[in-house]
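Containing mmCIF, C-alpha atoms: run_20.cif.
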```cif
data_final
loop_
_atom_site.label_atom_id
_atom_site.label_comp_id
_atom_site.auth_asym_id
_atom_site.auth_seq_id
_atom_site.Cartn_x
_atom_site.Cartn_y
_atom_site.Cartn_z
CA MET A 1 -23.62 17.65 -27.58
CA SER A 2 -24.05 20.66 -25.34
CA HIS A 3 -24.38 20.83 -21.56
CA PRO A 4 -25.02 24.46 -20.64
CA SER A 5 -25.43 25.46 -17.01
CA HIS A 6 -28.92 26.31 -15.77
CA PHE A 7 -28.14 30.02 -15.91
CA ALA A 8 -26.65 29.80 -19.41
CA ALA A 9 -29.81 28.01 -20.55
CA VAL A 10 -31.92 30.80 -19.03
CA LEU A 11 -29.85 33.47 -20.78
CA LEU A 12 -30.10 31.73 -24.17
CA PHE A 13 -33.83 31.14 -23.78
CA ALA A 14 -34.41 34.77 -22.76
CA LEU A 15 -32.28 36.09 -25.64
CA PHE A 16 -34.12 34.18 -28.36
CA ALA A 17 -37.62 34.63 -26.95
CA SER A 18 -37.06 38.36 -26.34
CA THR A 19 -35.83 38.85 -29.90
CA VAL A 20 -39.00 37.32 -31.34
CA PHE A 21 -41.27 39.15 -28.88
CA GLY A 22 -39.61 42.49 -29.64
CA ILE A 23 -39.91 42.14 -33.42
CA THR A 24 -43.45 40.82 -33.45
CA GLN A 25 -45.09 42.90 -30.72
CA ARG A 26 -43.91 46.41 -31.67
CA GLU A 27 -43.95 48.40 -34.90
CA THR A 28 -40.82 50.55 -35.07
CA PRO A 29 -37.20 49.36 -34.69
CA LYS A 30 -36.56 51.57 -31.67
CA ARG A 31 -39.64 50.30 -29.84
CA MET A 32 -38.82 46.71 -30.89
CA PHE A 33 -35.38 46.99 -29.30
CA ARG A 34 -36.74 48.56 -26.11
CA TYR A 35 -39.49 45.94 -25.73
CA GLY A 36 -37.03 43.12 -26.47
CA ALA A 37 -34.65 44.43 -23.81
CA TYR A 38 -37.58 44.79 -21.38
CA CYS A 39 -38.64 41.16 -21.98
CA PHE A 40 -35.05 39.94 -21.60
CA VAL A 41 -34.67 41.68 -18.22
CA LEU A 42 -38.03 40.31 -17.05
CA PHE A 43 -37.14 36.75 -18.14
CA VAL A 44 -33.74 36.75 -16.45
CA GLY A 45 -34.86 38.79 -13.44
CA SER A 46 -37.84 36.56 -12.70
CA ALA A 47 -35.64 33.44 -13.01
CA VAL A 48 -33.12 34.88 -10.53
CA VAL A 49 -35.84 35.95 -8.06
CA LEU A 50 -37.66 32.61 -8.25
CA SER A 51 -34.34 30.78 -7.79
CA TRP A 52 -33.68 32.70 -4.57
CA VAL A 53 -37.25 32.06 -3.38
CA MET A 54 -36.79 28.31 -3.93
CA TYR A 55 -33.39 28.42 -2.20
CA LEU A 56 -34.86 30.19 0.84
CA ILE A 57 -37.77 27.73 1.00
CA ALA A 58 -35.34 24.79 0.87
CA HIS A 59 -33.16 26.26 3.65
CA MET B 1 -46.89 54.68 -34.41
CA ALA B 2 -48.11 54.04 -37.94
CA THR B 3 -48.78 56.99 -40.19
CA ALA B 4 -51.83 57.19 -42.44
CA SER B 5 -49.67 56.75 -45.54
CA THR B 6 -48.04 53.53 -44.31
CA ARG B 7 -51.44 52.11 -43.36
CA ASN B 8 -52.83 53.02 -46.79
CA ALA B 9 -49.85 51.42 -48.52
CA ALA B 10 -50.27 48.29 -46.42
CA SER B 11 -53.99 48.04 -47.09
CA GLN B 12 -53.43 48.55 -50.84
CA ASN B 13 -50.79 45.80 -50.75
CA ALA B 14 -53.26 43.50 -48.98
CA GLY B 15 -55.38 43.10 -52.09
CA LYS B 16 -52.59 41.70 -54.30
CA GLY B 17 -51.60 38.05 -54.64
CA PHE B 18 -52.10 35.15 -52.24
CA VAL B 19 -52.61 36.72 -48.82
CA TYR B 20 -51.64 33.60 -46.84
CA LEU B 21 -48.30 33.06 -48.59
CA PRO B 22 -46.15 34.83 -45.93
CA LEU B 23 -48.02 32.95 -43.17
CA ILE B 24 -47.46 29.53 -44.74
CA ALA B 25 -43.90 30.28 -45.90
CA GLY B 26 -43.02 31.71 -42.47
CA TRP B 27 -44.33 28.58 -40.78
CA LEU B 28 -42.49 26.18 -43.11
CA VAL B 29 -39.17 28.05 -43.08
CA PRO B 30 -38.47 30.41 -40.14
CA GLY B 31 -38.09 34.00 -41.33
CA LEU B 32 -39.18 33.32 -44.92
CA GLY B 33 -42.51 35.14 -44.44
CA HIS B 34 -40.65 38.35 -43.58
CA PHE B 35 -38.14 37.82 -46.39
CA LEU B 36 -41.04 37.66 -48.88
CA LEU B 37 -42.17 41.05 -47.58
CA ARG B 38 -38.61 42.40 -47.97
CA LYS B 39 -38.11 42.71 -44.22
CA TRP B 40 -34.58 41.38 -44.42
CA VAL B 41 -33.25 42.28 -40.95
CA ARG B 42 -36.39 41.18 -39.11
CA GLY B 43 -36.49 37.95 -41.10
CA ALA B 44 -32.82 37.23 -40.41
CA LEU B 45 -33.21 37.87 -36.67
CA LEU B 46 -36.34 35.71 -36.47
CA ALA B 47 -34.70 32.91 -38.45
CA ALA B 48 -31.57 33.07 -36.27
CA SER B 49 -33.68 32.96 -33.09
CA VAL B 50 -35.94 30.07 -34.11
CA ILE B 51 -33.29 27.97 -35.86
CA GLY B 52 -30.76 28.73 -33.11
CA MET B 53 -33.19 27.66 -30.41
CA PHE B 54 -34.12 24.50 -32.33
CA ALA B 55 -30.45 23.62 -32.93
CA LEU B 56 -29.55 24.23 -29.28
CA GLY B 57 -32.46 22.01 -28.26
CA LEU B 58 -31.09 19.21 -30.42
CA ALA B 59 -27.56 19.81 -29.13
CA MET B 60 -28.88 19.43 -25.57
CA LYS B 61 -30.28 16.01 -26.54
CA GLY B 62 -33.85 17.24 -26.53
CA LYS B 63 -36.69 14.99 -27.60
CA ILE B 64 -38.66 15.41 -30.82
CA TYR B 65 -42.26 14.34 -30.24
CA GLY B 66 -43.21 11.69 -32.79
CA SER B 67 -46.45 10.35 -31.36
CA ALA B 68 -48.97 11.55 -28.82
CA GLN B 69 -49.77 9.10 -26.00
CA ASP B 70 -51.30 11.58 -23.58
CA ILE B 71 -52.35 15.23 -23.38
CA LEU B 72 -48.84 16.47 -22.51
CA ASP B 73 -47.39 14.65 -25.51
CA MET B 74 -50.10 16.17 -27.70
CA LEU B 75 -49.25 19.67 -26.49
CA GLY B 76 -45.53 19.03 -27.00
CA MET B 77 -46.14 17.75 -30.49
CA ALA B 78 -48.31 20.78 -31.30
CA GLY B 79 -45.39 22.99 -30.28
CA ASP B 80 -42.91 20.92 -32.29
CA LEU B 81 -45.13 21.15 -35.39
CA GLY B 82 -44.68 24.92 -35.27
CA ASN B 83 -41.12 24.40 -36.50
CA GLY B 84 -42.44 23.52 -39.96
CA LEU B 85 -39.87 21.86 -42.20
CA LEU B 86 -37.34 21.72 -39.35
CA PHE B 87 -39.69 19.29 -37.59
CA VAL B 88 -40.15 17.25 -40.78
CA ALA B 89 -36.37 17.11 -41.30
CA ALA B 90 -35.82 16.12 -37.68
CA ARG B 91 -38.34 13.29 -37.95
CA ALA B 92 -37.04 12.11 -41.31
CA LEU B 93 -33.37 12.19 -40.34
CA GLY B 94 -33.80 10.84 -36.83
CA TRP B 95 -32.53 13.95 -35.04
CA GLY B 96 -33.23 14.38 -31.35
CA ALA B 97 -33.39 11.81 -28.58
CA GLU B 98 -36.06 9.11 -28.35
CA HIS B 99 -36.14 9.49 -24.57
CA VAL B 100 -34.76 12.18 -22.31
CA GLN B 101 -31.73 10.63 -20.59
CA VAL B 102 -29.68 13.59 -19.40
CA THR B 103 -30.65 16.62 -17.31
CA THR B 104 -30.11 19.06 -20.17
CA GLY B 105 -32.37 16.89 -22.35
CA ASP B 106 -35.37 18.36 -20.53
CA TYR B 107 -34.17 21.86 -21.36
CA GLY B 108 -33.53 20.79 -24.94
CA THR B 109 -37.05 19.41 -25.32
CA LYS B 110 -38.50 22.72 -24.08
CA PHE B 111 -36.19 24.71 -26.36
CA ILE B 112 -37.51 22.76 -29.38
CA VAL B 113 -41.16 23.21 -28.35
CA VAL B 114 -40.72 26.94 -27.65
CA ALA B 115 -38.86 27.41 -30.96
CA GLY B 116 -41.97 26.08 -32.69
CA LEU B 117 -44.28 28.38 -30.73
CA LEU B 118 -42.08 31.40 -31.46
CA ASN B 119 -42.09 30.46 -35.15
CA ILE B 120 -45.91 30.50 -35.13
CA ILE B 121 -45.84 34.01 -33.60
CA ALA B 122 -43.36 35.12 -36.28
CA ALA B 123 -45.48 33.63 -39.10
CA VAL B 124 -48.62 35.37 -37.79
CA ASP B 125 -46.65 38.63 -37.64
CA ALA B 126 -45.71 38.18 -41.32
CA HIS B 127 -49.40 37.60 -42.08
CA ASN B 128 -50.35 40.77 -40.21
CA LEU B 129 -47.77 42.73 -42.20
CA ARG B 130 -49.13 41.25 -45.43
CA THR B 131 -52.77 42.07 -44.68
CA GLY B 132 -52.00 45.58 -43.41
CA ARG B 133 -53.10 44.90 -39.84
CA LYS B 134 -49.56 45.84 -38.84
CA PRO B 135 -47.89 48.66 -40.81
CA LEU B 136 -44.99 47.71 -43.08
#
```
Output the file's structure as structure tokens, nothing else.
Amino acid sequence: MSHPSHFAAVLLFALFASTVFGITQRETPKRMFRYGAYCFVLFVGSAVVLSWVMYLIAH
Amino acid sequence: MATASTRNAASQNAGKGFVYLPLIAGWLVPGLGHFLLRKWVRGALLAASVIGMFALGLAMKGKIYGSAQDILDMLGMAGDLGNGLLFVAARALGWGAEHVQVTTGDYGTKFIVVAGLLNIIAAVDAHNLRTGRKPL
């Protein structure tokens, strides 16, 4: 059984989803990698920003 | 950017054999649709992503939807069905939790649902490669 932290779960989710998005939404390997990296940054970045927003609302 | 020659080759390939085979195979077994089209690296990465996400979901004590009592259950089950034979194996072998009892179980349930949705995207991509809509 696995108990990852919230952030580890976000990283794993972003890694797998970005891999599939990159491969399926672009045509060449270079563009696949760039789009996958872009999606990964957006996934993780938006999670971090929303976490801070919720923290500031709660305090 | 696809060249004219790759598009021609793809459209010529589209006329041969059962067009929906990569779509169905890719749905039943993650990555198999791309393997049939000899896209070994893409197939391996897609299989690793979908199976990895599904396995992590189970490891986090995620729930496998077995019946649909309300609209949310129906949506969850639709996502789970995207996993193809992984879902069938999970149901047959009793994998996954009946009820979410730990905090990470919620994450696990979402991981399993999203793995199914990503597998559908991958299977449709294999179909697009097969029909020539996306260049090989």
Residues of chain B within 10 Å of chain A, all atoms listed in the file counted, as a VMD selection string: chain B and resid 1 to 2 42 to 43 45 to 53 56 to 61 102 to 105 107 to 108 110 to 111 114 to 115 117 to 119 121 to 126 128 to 129 134 to 136
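From atom CA of Gly82 of chain B back to atom CA of His99 of chain B, the distance works out to 20.6 Å.
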Reference answer for the PyMOL selection byres ((chain A and resi 37) around 10), as an MDAnalysis selection string: chainID A and resid 14:15 18:19 21:22 31:36 38:43
Return as AutoDock Vina command-line options the box centre and box size in Å, one decimal, for an axis-aligned box around all listed atoms of segment 80-91 of chain B padded by 4 Å per side.
```
--center_x -40.5 --center_y 19.1 --center_z -37.2 --size_x 17.3 --size_y 19.6 --size_z 17.9
```
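Going from atom CA of Gly76 of chain B to atom CA of Val88 of chain B covers 14.9 Å.
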What would segment 28-57 of chain A look like with N, CA and C atoms restored, written as a tab-separated table (two decimals), in the frame of the given file?
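Written file, rebuild_24.tsv:
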```tsv
chain	number	residue	atom	x	y	z
A	28	THR	N	-42.01	49.84	-34.60
A	28	THR	CA	-40.82	50.55	-35.07
A	28	THR	C	-39.56	49.91	-34.47
A	29	PRO	N	-38.43	50.00	-35.19
A	29	PRO	CA	-37.20	49.36	-34.69
A	29	PRO	C	-36.79	49.79	-33.29
A	30	LYS	N	-36.95	51.09	-33.00
A	30	LYS	CA	-36.56	51.57	-31.67
A	30	LYS	C	-37.42	50.92	-30.58
A	31	ARG	N	-38.72	50.89	-30.82
A	31	ARG	CA	-39.64	50.30	-29.84
A	31	ARG	C	-39.46	48.77	-29.76
A	32	MET	N	-39.11	48.16	-30.90
A	32	MET	CA	-38.82	46.71	-30.89
A	32	MET	C	-37.65	46.42	-29.97
A	33	PHE	N	-36.58	47.22	-30.12
A	33	PHE	CA	-35.38	46.99	-29.30
A	33	PHE	C	-35.69	47.19	-27.82
A	34	ARG	N	-36.43	48.26	-27.52
A	34	ARG	CA	-36.74	48.56	-26.11
A	34	ARG	C	-37.62	47.46	-25.50
A	35	TYR	N	-38.60	47.00	-26.26
A	35	TYR	CA	-39.49	45.94	-25.73
A	35	TYR	C	-38.74	44.62	-25.59
A	36	GLY	N	-37.85	44.34	-26.56
A	36	GLY	CA	-37.03	43.12	-26.47
A	36	GLY	C	-36.14	43.14	-25.24
A	37	ALA	N	-35.51	44.30	-25.00
A	37	ALA	CA	-34.65	44.43	-23.81
A	37	ALA	C	-35.48	44.29	-22.53
A	38	TYR	N	-36.68	44.88	-22.54
A	38	TYR	CA	-37.58	44.79	-21.38
A	38	TYR	C	-37.94	43.33	-21.09
A	39	CYS	N	-38.29	42.58	-22.16
A	39	CYS	CA	-38.64	41.16	-21.98
A	39	CYS	C	-37.45	40.36	-21.48
A	40	PHE	N	-36.26	40.66	-22.01
A	40	PHE	CA	-35.05	39.94	-21.60
A	40	PHE	C	-34.81	40.14	-20.09
A	41	VAL	N	-34.90	41.39	-19.65
A	41	VAL	CA	-34.67	41.68	-18.22
A	41	VAL	C	-35.72	40.97	-17.37
A	42	LEU	N	-36.98	40.98	-17.83
A	42	LEU	CA	-38.03	40.31	-17.05
A	42	LEU	C	-37.80	38.79	-16.99
A	43	PHE	N	-37.42	38.20	-18.13
A	43	PHE	CA	-37.14	36.75	-18.14
A	43	PHE	C	-36.04	36.40	-17.14
A	44	VAL	N	-34.90	37.09	-17.29
A	44	VAL	CA	-33.74	36.75	-16.45
A	44	VAL	C	-34.01	37.14	-15.00
A	45	GLY	N	-34.58	38.32	-14.80
A	45	GLY	CA	-34.86	38.79	-13.44
A	45	GLY	C	-35.81	37.86	-12.70
A	46	SER	N	-36.87	37.44	-13.38
A	46	SER	CA	-37.84	36.56	-12.70
A	46	SER	C	-37.21	35.21	-12.40
A	47	ALA	N	-36.31	34.72	-13.28
A	47	ALA	CA	-35.64	33.44	-13.01
A	47	ALA	C	-34.73	33.56	-11.78
A	48	VAL	N	-34.01	34.69	-11.68
A	48	VAL	CA	-33.12	34.88	-10.53
A	48	VAL	C	-33.93	34.98	-9.24
A	49	VAL	N	-35.01	35.78	-9.27
A	49	VAL	CA	-35.84	35.95	-8.06
A	49	VAL	C	-36.47	34.63	-7.64
A	50	LEU	N	-37.03	33.90	-8.60
A	50	LEU	CA	-37.66	32.61	-8.25
A	50	LEU	C	-36.62	31.61	-7.74
A	51	SER	N	-35.40	31.68	-8.28
A	51	SER	CA	-34.34	30.78	-7.79
A	51	SER	C	-34.03	31.06	-6.33
A	52	TRP	N	-33.94	32.35	-5.97
A	52	TRP	CA	-33.68	32.70	-4.57
A	52	TRP	C	-34.85	32.30	-3.68
A	53	VAL	N	-36.06	32.46	-4.16
A	53	VAL	CA	-37.25	32.06	-3.38
A	53	VAL	C	-37.19	30.56	-3.08
A	54	MET	N	-36.87	29.77	-4.12
A	54	MET	CA	-36.79	28.31	-3.93
A	54	MET	C	-35.65	27.94	-2.99
A	55	TYR	N	-34.53	28.68	-3.09
A	55	TYR	CA	-33.39	28.42	-2.20
A	55	TYR	C	-33.78	28.70	-0.75
A	56	LEU	N	-34.47	29.82	-0.53
A	56	LEU	CA	-34.86	30.19	0.84
A	56	LEU	C	-35.90	29.22	1.40
A	57	ILE	N	-36.79	28.72	0.55
A	57	ILE	CA	-37.77	27.73	1.00
A	57	ILE	C	-37.06	26.43	1.40
```
